[in-house]
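This is my_file_16.txt. It holds compact mmCIF, C-alpha atoms.
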# COMPACT_ATOMS: atom_id res chain seq x y z
CA MET A 1 144.10 38.11 -94.11
CA MET A 2 142.00 36.00 -96.47
CA GLN A 3 138.49 34.84 -95.71
CA TRP A 4 137.44 31.74 -97.60
CA ARG A 5 133.94 30.47 -98.35
CA ALA A 6 132.64 27.50 -100.31
CA GLY A 7 129.37 27.37 -102.16
CA THR A 8 127.33 26.28 -105.16
CA VAL A 9 126.73 28.26 -108.34
CA VAL A 10 123.04 29.26 -108.54
CA GLU A 11 122.99 31.25 -111.77
CA GLN A 12 125.11 33.17 -114.24
CA VAL A 13 124.32 36.88 -113.80
CA ARG A 14 126.28 38.54 -116.61
CA ARG A 15 129.45 38.24 -118.59
CA TRP A 16 131.95 40.33 -120.51
CA PRO A 17 135.27 39.44 -122.14
CA GLY A 18 137.47 37.61 -119.67
CA ALA A 19 135.00 37.49 -116.77
CA VAL A 20 131.69 35.94 -115.71
CA GLU A 21 129.67 37.08 -112.71
CA TYR A 22 127.71 34.42 -110.79
CA SER A 23 125.28 34.17 -107.94
CA VAL A 24 126.68 31.66 -105.47
CA ALA A 25 124.84 30.12 -102.54
CA LEU A 26 127.22 29.75 -99.61
CA ASP A 27 127.34 26.59 -97.55
CA GLU A 28 126.08 28.61 -94.56
CA ALA A 29 122.40 28.03 -95.33
CA ALA A 30 121.20 31.18 -93.55
CA ASP A 31 123.24 33.47 -95.80
CA PRO A 32 121.71 34.81 -99.05
CA PRO A 33 123.57 34.12 -102.33
CA VAL A 34 126.55 36.37 -103.00
CA ARG A 35 128.01 37.93 -106.13
CA ALA A 36 131.17 36.17 -107.28
CA LEU A 37 133.43 36.87 -110.23
CA ALA A 38 135.31 34.21 -112.19
CA TYR A 39 138.20 35.18 -114.46
CA THR A 40 137.80 32.72 -117.32
CA ALA A 41 141.51 32.64 -118.19
CA MET A 42 142.29 31.52 -114.65
CA VAL A 43 139.46 29.19 -113.61
CA GLY A 44 137.34 28.62 -116.71
CA GLU A 45 133.53 28.90 -116.52
CA PRO A 46 131.78 27.12 -113.66
CA ALA A 47 128.38 25.67 -114.50
CA VAL A 48 125.16 26.10 -112.54
CA GLY A 49 125.18 23.56 -109.71
CA GLU A 50 128.97 23.38 -109.59
CA ARG A 51 130.87 23.73 -106.33
CA VAL A 52 133.38 26.59 -106.07
CA LEU A 53 135.89 27.95 -103.58
CA LEU A 54 135.65 31.72 -103.03
CA ASN A 55 137.92 34.40 -101.67
CA ALA A 56 135.31 36.52 -99.87
CA SER A 57 137.60 38.89 -97.97
CA ALA A 58 136.59 42.17 -99.67
CA LEU A 59 132.92 41.15 -99.81
CA LEU A 60 132.75 40.43 -96.10
CA ARG A 61 134.49 43.72 -95.28
CA GLY A 62 131.92 45.66 -97.33
CA LEU A 63 134.49 47.34 -99.57
CA GLY A 64 133.34 49.38 -102.58
CA THR A 65 134.77 48.48 -105.99
CA GLY A 66 136.22 45.21 -104.75
CA GLY A 67 133.18 44.28 -102.68
CA LEU A 68 132.40 40.94 -104.26
CA ALA A 69 133.76 37.44 -103.97
CA PHE A 70 136.20 35.87 -106.43
CA VAL A 71 136.20 32.30 -107.66
CA VAL A 72 139.57 30.82 -106.70
CA ALA A 73 138.95 27.23 -107.73
CA ARG A 74 136.31 24.82 -108.94
CA THR A 75 136.47 22.04 -106.40
CA ASP A 76 135.53 19.26 -108.85
CA HIS A 77 137.03 20.56 -112.10
CA LEU A 78 140.41 21.84 -113.17
CA PRO A 79 140.42 24.42 -115.97
CA ALA A 80 142.11 23.27 -119.15
CA ASP A 81 145.79 24.11 -119.45
CA PRO A 82 146.47 26.95 -121.89
CA GLU A 83 148.31 26.11 -125.08
CA THR A 84 152.05 26.06 -124.59
CA GLY A 85 153.64 29.09 -126.19
CA PRO A 86 156.27 31.76 -125.80
CA GLY A 87 156.37 34.11 -122.86
CA HIS A 88 158.05 33.94 -119.47
CA ILE A 89 156.97 37.17 -117.77
CA VAL A 90 155.20 36.30 -114.53
CA LYS A 91 152.58 38.69 -113.14
CA ALA A 92 150.86 38.58 -109.74
CA ARG A 93 154.25 37.10 -108.91
CA TYR A 94 154.69 34.63 -106.07
CA THR A 95 150.98 34.45 -105.34
CA PRO A 96 148.94 31.25 -105.81
CA MET A 97 147.28 32.88 -108.85
CA GLN A 98 150.42 34.04 -110.67
CA GLN A 99 150.20 34.14 -114.47
CA MET A 100 152.92 33.48 -117.03
CA LEU A 101 152.41 35.76 -120.02
CA LEU A 102 154.08 37.00 -123.18
CA ALA A 103 155.08 40.64 -122.80
CA VAL A 104 155.70 42.93 -125.76
CA ASP A 105 159.15 43.79 -124.46
CA GLU A 106 160.53 40.30 -123.78
CA GLN A 107 162.85 38.38 -126.07
CA ASP A 108 160.23 35.96 -127.44
CA SER A 109 157.88 38.76 -128.46
CA PRO A 110 157.47 39.57 -132.16
CA HIS A 111 157.72 43.21 -131.06
CA HIS A 112 161.00 42.84 -129.21
CA ALA A 113 163.09 44.17 -132.10
CA ASP A 114 160.89 47.28 -132.35
CA LEU A 115 161.18 47.96 -128.63
CA ALA A 116 164.77 46.89 -127.95
CA ASP A 117 166.22 50.35 -128.54
CA ALA A 118 163.03 52.42 -128.59
CA ASP A 119 163.05 55.40 -126.28
CA ASP A 120 161.22 58.22 -128.06
CA LEU A 121 157.47 58.85 -128.02
CA ALA A 122 158.02 61.77 -130.42
CA GLY A 123 155.73 64.09 -128.52
CA MET A 124 152.79 61.66 -128.27
CA PRO A 125 150.22 63.07 -125.81
CA VAL A 126 150.04 61.04 -122.60
CA VAL A 127 147.00 61.76 -120.42
CA VAL A 128 147.47 60.67 -116.81
CA ALA A 129 144.52 60.41 -114.42
CA ASP A 130 144.13 59.26 -110.83
CA LEU A 131 140.96 57.16 -111.02
CA HIS A 132 140.00 54.45 -113.51
CA SER A 133 136.58 56.11 -113.82
CA ALA A 134 138.22 59.00 -115.69
CA LEU A 135 139.04 56.77 -118.67
CA PRO A 136 135.71 56.92 -120.58
CA ALA A 137 135.45 60.68 -119.95
CA VAL A 138 138.96 61.29 -121.29
CA LEU A 139 138.05 59.24 -124.37
CA ALA A 140 134.83 61.22 -124.86
CA GLY A 141 136.88 64.41 -124.87
CA ILE A 142 139.39 62.99 -127.37
CA ARG A 143 136.66 61.82 -129.73
CA SER A 144 134.82 65.14 -129.58
CA THR A 145 137.85 66.71 -131.28
CA HIS A 146 139.33 63.77 -133.15
CA PRO A 147 136.74 60.98 -133.64
CA HIS A 148 139.19 58.70 -135.48
CA ALA A 149 142.01 58.89 -132.94
CA ARG A 150 143.74 55.62 -132.04
CA VAL A 151 143.88 55.54 -128.26
CA ALA A 152 145.87 53.08 -126.17
CA TYR A 153 144.98 52.56 -122.53
CA VAL A 154 148.01 51.84 -120.33
CA MET A 155 146.63 50.20 -117.18
CA THR A 156 148.93 50.37 -114.17
CA ASP A 157 148.80 48.11 -111.12
CA GLY A 158 147.65 50.61 -108.48
CA GLY A 159 144.13 49.14 -108.42
CA ALA A 160 142.70 45.91 -109.84
CA LEU A 161 145.35 43.70 -111.43
CA PRO A 162 143.16 41.81 -113.96
CA ALA A 163 142.01 43.98 -116.86
CA ALA A 164 138.96 41.73 -117.08
CA PHE A 165 137.66 43.28 -113.85
CA SER A 166 136.82 46.45 -115.79
CA ARG A 167 133.48 46.34 -117.59
CA ALA A 168 134.30 49.86 -118.81
CA VAL A 169 137.37 48.66 -120.73
CA ALA A 170 135.33 45.84 -122.28
CA GLY A 171 132.58 48.25 -123.33
CA LEU A 172 134.95 50.90 -124.67
CA ALA A 173 136.84 48.33 -126.73
CA ASP A 174 133.60 46.83 -128.06
CA ALA A 175 132.44 50.30 -129.14
CA GLY A 176 135.71 50.96 -130.96
CA TRP A 177 136.73 53.75 -128.58
CA LEU A 178 139.88 51.92 -127.49
CA ALA A 179 142.43 50.60 -129.97
CA SER A 180 144.24 48.54 -127.33
CA THR A 181 144.75 47.99 -123.61
CA ILE A 182 148.30 47.47 -122.37
CA THR A 183 148.61 46.08 -118.83
CA VAL A 184 151.87 47.01 -117.11
CA GLY A 185 153.68 46.07 -113.93
CA GLN A 186 151.70 43.41 -112.04
CA ALA A 187 148.47 44.20 -113.95
CA PHE A 188 147.58 41.59 -116.55
CA GLY A 189 145.01 40.58 -119.13
CA GLY A 190 145.26 43.45 -121.61
CA ASP A 191 145.60 43.08 -125.36
CA HIS A 192 149.32 43.45 -124.70
CA GLU A 193 151.43 42.94 -121.59
CA ALA A 194 154.42 45.10 -120.66
CA VAL A 195 156.90 44.91 -117.81
CA THR A 196 156.96 48.63 -116.99
CA THR A 197 154.97 51.78 -117.62
CA HIS A 198 157.85 52.91 -119.82
CA THR A 199 157.60 49.94 -122.17
CA GLY A 200 153.82 50.16 -122.00
CA LEU A 201 154.00 53.70 -123.35
CA LEU A 202 156.52 52.71 -126.00
CA ALA A 203 154.25 49.84 -127.03
CA ALA A 204 151.39 52.31 -127.35
CA ARG A 205 153.38 54.14 -130.03
CA PHE A 206 155.40 51.40 -131.74
CA VAL A 207 153.05 48.40 -131.43
CA VAL A 208 149.58 49.94 -131.32
CA GLY A 209 150.34 53.02 -133.42
CA ALA A 210 148.39 55.16 -130.98
CA ASP A 211 147.79 58.88 -131.39
CA VAL A 212 147.20 59.26 -127.64
CA ALA A 213 147.95 57.14 -124.59
CA VAL A 214 145.82 57.31 -121.45
CA VAL A 215 147.36 56.07 -118.21
CA THR A 216 145.28 55.21 -115.14
CA GLN A 217 145.30 52.50 -112.52
CA GLY A 218 142.77 49.71 -112.73
CA PRO A 219 139.42 49.96 -110.90
CA GLY A 220 139.53 50.19 -107.13
CA ASN A 221 142.03 52.77 -105.94
CA VAL A 222 143.51 52.59 -102.44
CA GLY A 223 143.40 55.58 -100.09
CA THR A 224 144.13 56.05 -96.41
CA GLY A 225 143.17 59.67 -95.71
CA THR A 226 146.85 60.54 -95.44
CA ARG A 227 148.78 62.83 -97.77
CA TRP A 228 150.97 60.13 -99.31
CA GLY A 229 149.09 56.90 -98.62
CA TYR A 230 147.05 56.49 -101.78
CA SER A 231 147.65 54.63 -105.02
CA GLY A 232 147.03 57.68 -107.21
CA VAL A 233 150.42 59.11 -106.24
CA GLY A 234 151.58 56.94 -109.14
CA CYS A 235 150.28 59.67 -111.48
CA ALA A 236 153.58 61.47 -110.92
CA ASP A 237 155.54 58.35 -111.84
CA ALA A 238 153.56 57.96 -115.07
CA LEU A 239 154.22 61.60 -116.03
CA HIS A 240 157.91 61.10 -115.26
CA ALA A 241 157.94 58.13 -117.65
CA ALA A 242 156.23 60.19 -120.36
CA GLU A 243 158.77 62.99 -119.94
CA VAL A 244 161.81 60.68 -120.01
CA LEU A 245 160.54 59.10 -123.22
CA GLY A 246 159.78 62.37 -124.99
CA GLY A 247 156.02 62.30 -124.59
CA HIS A 248 153.76 65.28 -123.90
CA GLY A 249 152.49 64.85 -120.34
CA ILE A 250 148.94 65.95 -119.51
CA ALA A 251 147.85 65.91 -115.86
CA SER A 252 144.12 65.29 -115.61
CA LEU A 253 142.69 66.83 -112.45
CA ARG A 254 140.54 64.85 -110.03
CA VAL A 255 137.69 67.22 -109.23
CA SER A 256 134.40 66.84 -107.36
CA GLY A 257 131.51 69.06 -106.40
CA ALA A 258 129.58 66.39 -104.51
CA ASP A 259 132.14 64.52 -102.41
CA LEU A 260 131.31 65.13 -98.75
CA ARG A 261 134.95 64.83 -97.71
CA GLU A 262 136.49 68.29 -97.58
CA ARG A 263 139.87 67.00 -98.82
CA HIS A 264 138.24 65.97 -102.09
CA ARG A 265 136.13 69.12 -102.56
CA GLY A 266 137.11 70.97 -105.72
CA ILE A 267 140.54 69.66 -106.73
CA SER A 268 141.16 66.53 -104.67
CA HIS A 269 144.13 66.54 -102.34
CA HIS A 270 145.25 63.48 -104.32
CA SER A 271 145.80 65.65 -107.41
CA ARG A 272 147.34 68.43 -105.35
CA THR A 273 149.86 66.00 -103.84
CA ALA A 274 150.68 64.04 -107.00
CA TYR A 275 151.09 67.09 -109.22
CA GLY A 276 152.21 69.60 -106.62
CA ARG A 277 154.55 67.58 -104.39
CA ALA A 278 155.54 64.33 -106.16
CA LEU A 279 155.85 65.56 -109.77
CA LEU A 280 159.29 66.73 -110.85
CA THR A 281 158.73 67.26 -114.59
CA ALA A 282 156.68 69.77 -116.57
CA ALA A 283 153.09 68.92 -117.48
CA ASP A 284 149.99 70.56 -118.93
CA VAL A 285 146.98 70.88 -116.64
CA PRO A 286 143.71 71.31 -118.57
CA VAL A 287 140.81 73.09 -116.92
CA THR A 288 137.34 73.97 -118.11
CA THR A 289 134.42 76.06 -116.85
CA LEU A 290 132.17 74.08 -114.51
CA PRO A 291 128.39 74.64 -114.45
CA ASP A 292 128.45 75.33 -110.69
CA ALA A 293 129.89 78.85 -110.46
CA GLU A 294 130.90 78.50 -106.81
CA LEU A 295 132.69 75.21 -107.49
CA ASP A 296 134.35 76.67 -110.58
CA ALA A 297 135.72 79.58 -108.54
CA LEU A 298 137.03 77.18 -105.87
CA VAL A 299 138.76 74.98 -108.47
CA ARG A 300 140.45 77.97 -110.07
CA GLU A 301 141.62 79.29 -106.72
CA GLN A 302 143.02 75.86 -105.82
CA LEU A 303 144.64 75.58 -109.24
CA ARG A 304 146.40 78.92 -108.85
CA THR A 305 147.79 77.76 -105.53
CA LEU A 306 148.82 74.43 -107.04
CA VAL A 307 150.68 76.07 -109.92
CA ASP A 308 152.36 78.63 -107.64
CA THR A 309 153.58 76.05 -105.13
CA ALA A 310 154.31 73.01 -107.34
CA ARG A 311 157.83 71.69 -107.55
CA ALA A 312 157.46 71.22 -111.31
CA ARG A 313 156.34 73.68 -113.98
CA LEU A 314 152.61 73.25 -114.54
CA SER A 315 151.06 74.93 -117.57
CA VAL A 316 147.34 75.62 -117.22
CA VAL A 317 145.41 75.04 -120.44
CA GLU A 318 141.91 76.51 -120.73
CA VAL A 319 139.55 74.18 -122.60
CA PRO A 320 136.17 75.59 -123.75
CA ALA A 321 133.23 73.93 -122.03
CA ASP A 322 131.06 74.10 -125.14
CA GLY A 323 130.07 70.62 -126.21
CA LEU A 324 131.77 68.77 -123.34
CA LEU A 325 128.60 67.61 -121.62
CA GLU A 326 127.16 66.52 -124.95
CA ALA A 327 130.34 64.56 -125.64
CA LEU A 328 130.12 62.84 -122.26
CA HIS A 329 126.56 61.75 -122.97
CA THR A 330 127.86 59.78 -125.98
CA SER A 331 129.91 57.44 -123.79
CA PRO A 332 129.10 53.80 -124.58
CA VAL A 333 129.67 52.88 -120.92
CA ALA A 334 128.19 54.30 -117.73
CA LEU A 335 130.00 57.27 -116.22
CA ARG A 336 130.33 56.72 -112.49
CA THR A 337 132.95 57.71 -109.95
CA MET A 338 132.91 57.09 -106.20
CA GLY A 339 129.29 55.96 -106.55
CA ARG A 340 128.13 59.12 -108.35
CA GLY A 341 127.06 59.59 -111.96
CA LEU A 342 127.28 62.41 -114.47
CA ASP A 343 124.02 64.06 -113.38
CA SER A 344 124.85 64.11 -109.66
CA ASP A 345 128.50 65.17 -110.03
CA PRO A 346 129.47 66.36 -113.53
CA ALA A 347 132.73 68.02 -112.40
CA PRO A 348 135.03 64.94 -112.42
CA PHE A 349 133.91 63.92 -115.88
CA LEU A 350 134.15 67.43 -117.32
CA ALA A 351 137.69 67.78 -115.96
CA ALA A 352 138.71 64.45 -117.50
CA ALA A 353 137.03 65.26 -120.82
CA ALA A 354 138.91 68.57 -120.93
CA ALA A 355 142.17 66.63 -120.67
CA GLY A 356 141.05 64.48 -123.60
CA VAL A 357 140.17 67.50 -125.74
CA HIS A 358 143.61 68.99 -125.10
CA ALA A 359 145.34 65.70 -125.94
CA ALA A 360 143.45 65.40 -129.22
CA ALA A 361 144.37 68.94 -130.19
CA LEU A 362 148.06 68.04 -129.82
CA THR A 363 147.99 65.08 -132.22
CA ASP A 364 149.33 65.43 -135.75
CA SER A 365 146.42 63.35 -136.98
CA ALA A 366 143.93 65.83 -135.57
CA VAL A 367 145.45 68.47 -137.82
CA SER A 368 145.74 66.27 -140.90
CA GLY A 369 142.38 64.57 -140.42
CA ARG A 370 143.97 61.12 -140.88
CA PRO A 371 141.35 58.41 -140.19

Starting from the file, lay out its structure as structure tokens.
Amino acid sequence: MMQWRAGTVVEQVRRWPGAVEYSVALDEAADPPVRALAYTAMVGEPAVGERVLLNASALLRGLGTGGLAFVVARTDHLPADPETGPGHIVKARYTPMQQMLLAVDEQDSPHHADLADADDLAGMPVVVADLHSALPAVLAGIRSTHPHARVAYVMTDGGALPAAFSRAVAGLADAGWLASTITVGQAFGGDHEAVTTHTGLLAARFVVGADVAVVTQGPGNVGTGTRWGYSGVGCADALHAAEVLGGHGIASLRVSGADLRERHRGISHHSRTAYGRALLTAADVPVTTLPDAELDALVREQLRTLVDTARARLSVVEVPADGLLEALHTSPVALRTMGRGLDSDPAPFLAAAAAGVHAAALTDSAVSGRP
């Protein structure tokens, strides 16, 4: 069900590559202005005073990450047509906002020849995490061991589809922490597009020349409180792709010491299901000492149970905690997950950073010191 609203742009609030946030006064005079996001590649940049049509469904339902309106159309202006070029891969398919894009793996791509028969990641570390918020923490861990690592972010379509929705990706790229973003499946707007997670990972190696790939969904995961009804179950699929292609799969744990929901206390039931029930291939599971001794003991007890009962072989990797918090404080973007920051809930970020440290230690370039 979509809920539509019309209004007038009051001011431009902020912008980052691919997106502009506005304050829009709705036609219902009694309502205060709302936050609305315009993807510039889709609708251009509305001016102050311009009339716009909004999809306000998530805003009116009070949802978290997606709780803002989106500019669907400028009622008096059409955005300029993009330059005609190669590319016939359609994403957000069969919706009114579908995009036609050039994917690295299609026939018109200059990279098609490199990817046509590619099927070997040659042991490249592939860090897989449930939540998008883990991305900057994983990168902080990688850089603490290997500051010159080339890291590719493979963004799956379990959350937001437009890469431009993520201010974190924009900030990490601007700071030089990300070499490239590859949007796969129905996700779009990365530096490169790919049809599947498999070709996204292959592009990370053969197109980007990455030392490490990090796979997470876009911002705004979906959960239902049921064992299988959450978008993070795709972590298992991503690790399967890494295994099939000869990558080194690393399962980053989703951990919390502050979440009030018992199912997310310690190791989230999302990680326990994805890695314990859905995963069929071997993977490393990094763990580090948490500052809260009681939480640390709970996580280790849960991890022992996870390893003992998992369908796949999980190898626990102990990562020293020394320097991890300091590394996290160097992040060029804010560290926040489920509304909580590093100070109020350090556990999720420490767990993700530990996965990054382990990935960096596995790279040939970390040993050789190649910049």

- Task: For range 16-19 of chain A, please output as JSON, numbers by chain all residues within 10 Å (counting all atoms listed in the file; exclusion window: fewer than 3 positions along the same chain).
- Result: {"A": [22, 37, 38, 39, 40, 41, 42, 43, 44, 45, 162, 163, 164, 165, 166, 167, 168, 169, 170, 171, 174, 189, 190]}

- Top pick for closest residue to Ala351 in chain A, considering A:Asp130, A:Asp117, A:Glu243, A:Glu262 and counting only C-alpha atoms: A:Asp130

- With distances taken over only C-alpha atoms, which of A:His146, A:Arg340, A:Arg300, A:Arg74 is nearest to Ala327 in chain A? A:His146

- Tell me, as a VMD selection string, which residues lie within 9 Å of Leu279 in chain A, counting all atoms listed in the file; anything in the same chain fewer than 3 positions away does not count. chain A and resid 235 to 237 239 to 240 273 to 276 282 to 283 310 to 312

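Within 8 Å of range 89-105 of chain A there are Met42, Ser109, Pro110, His111, His112, Leu115, Ala116, Leu161, Gly185, Gln186, Ala187, Phe188, His192, Glu193, Ala194, Val195, Thr199 and Ala203 of chain A, counting only C-alpha atoms and ignoring same-chain residues fewer than 4 positions away.
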
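For the pair CA of Leu135 in chain A and CA of Pro147 in chain A, the interatomic distance is 15.7 Å.
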
- Please identify all polymer residues lying at most 9 Å from the point (122.4, 38.9, -110.8) (file coordinates), using only C-alpha atoms, and present the result as a count of residues only. 8

- Query: What does the distance between CA of Asp120 in chain A and CA of Leu201 in chain A come to in Å, to one decimal place?
  - Reply: 9.7 Å

Is it possible to add all heavy atoms to range 159-169 of chain A and hand it back as a compact mmCIF listing (two decimals), in the frame of the given file?
# COMPACT_ATOMS: atom_id res chain seq x y z
N GLY A 159 145.45 49.61 -108.83
CA GLY A 159 144.13 49.14 -108.42
C GLY A 159 143.99 47.66 -108.74
O GLY A 159 144.85 46.85 -108.40
N ALA A 160 142.89 47.31 -109.43
CA ALA A 160 142.70 45.91 -109.84
C ALA A 160 143.86 45.47 -110.73
O ALA A 160 144.34 46.24 -111.56
CB ALA A 160 141.38 45.77 -110.60
N LEU A 161 144.30 44.23 -110.56
CA LEU A 161 145.35 43.70 -111.43
C LEU A 161 144.78 43.11 -112.72
O LEU A 161 145.34 43.33 -113.79
CB LEU A 161 146.18 42.66 -110.69
CG LEU A 161 146.94 43.16 -109.45
CD1 LEU A 161 147.83 42.04 -108.90
CD2 LEU A 161 147.78 44.39 -109.78
N PRO A 162 143.68 42.36 -112.70
CA PRO A 162 143.16 41.81 -113.96
C PRO A 162 142.39 42.87 -114.75
O PRO A 162 141.46 43.50 -114.23
CB PRO A 162 142.22 40.68 -113.51
CG PRO A 162 142.43 40.52 -112.03
CD PRO A 162 142.92 41.84 -111.55
N ALA A 163 142.75 43.04 -116.01
CA ALA A 163 142.01 43.98 -116.86
C ALA A 163 140.56 43.54 -117.02
O ALA A 163 139.68 44.37 -117.20
CB ALA A 163 142.69 44.11 -118.22
N ALA A 164 140.32 42.24 -116.92
CA ALA A 164 138.96 41.73 -117.08
C ALA A 164 138.02 42.21 -115.99
O ALA A 164 136.80 42.08 -116.13
CB ALA A 164 138.98 40.20 -117.11
N PHE A 165 138.53 42.75 -114.89
CA PHE A 165 137.66 43.28 -113.85
C PHE A 165 136.89 44.51 -114.33
O PHE A 165 135.83 44.83 -113.81
CB PHE A 165 138.47 43.63 -112.60
CG PHE A 165 137.63 44.04 -111.42
CD1 PHE A 165 136.82 43.11 -110.80
CD2 PHE A 165 137.64 45.34 -110.95
CE1 PHE A 165 136.03 43.47 -109.72
CE2 PHE A 165 136.85 45.72 -109.87
CZ PHE A 165 136.04 44.78 -109.25
N SER A 166 137.42 45.19 -115.33
CA SER A 166 136.82 46.45 -115.79
C SER A 166 135.80 46.23 -116.89
O SER A 166 136.15 45.94 -118.04
CB SER A 166 137.91 47.40 -116.29
OG SER A 166 137.33 48.57 -116.85
N ARG A 167 134.51 46.39 -116.56
CA ARG A 167 133.48 46.34 -117.59
C ARG A 167 133.60 47.55 -118.51
O ARG A 167 133.22 47.50 -119.68
CB ARG A 167 132.09 46.30 -116.95
CG ARG A 167 131.83 45.03 -116.15
CD ARG A 167 130.35 44.84 -115.84
NE ARG A 167 129.77 45.96 -115.12
CZ ARG A 167 129.82 46.11 -113.80
NH1 ARG A 167 130.45 45.21 -113.06
NH2 ARG A 167 129.25 47.14 -113.22
N ALA A 168 134.14 48.66 -117.99
CA ALA A 168 134.30 49.86 -118.81
C ALA A 168 135.27 49.59 -119.96
O ALA A 168 135.00 49.96 -121.11
CB ALA A 168 134.80 51.03 -117.96
N VAL A 169 136.40 48.97 -119.67
CA VAL A 169 137.37 48.66 -120.73
C VAL A 169 136.73 47.76 -121.78
O VAL A 169 136.89 47.98 -122.99
CB VAL A 169 138.63 48.01 -120.14
CG1 VAL A 169 139.49 47.37 -121.22
CG2 VAL A 169 139.46 49.06 -119.40
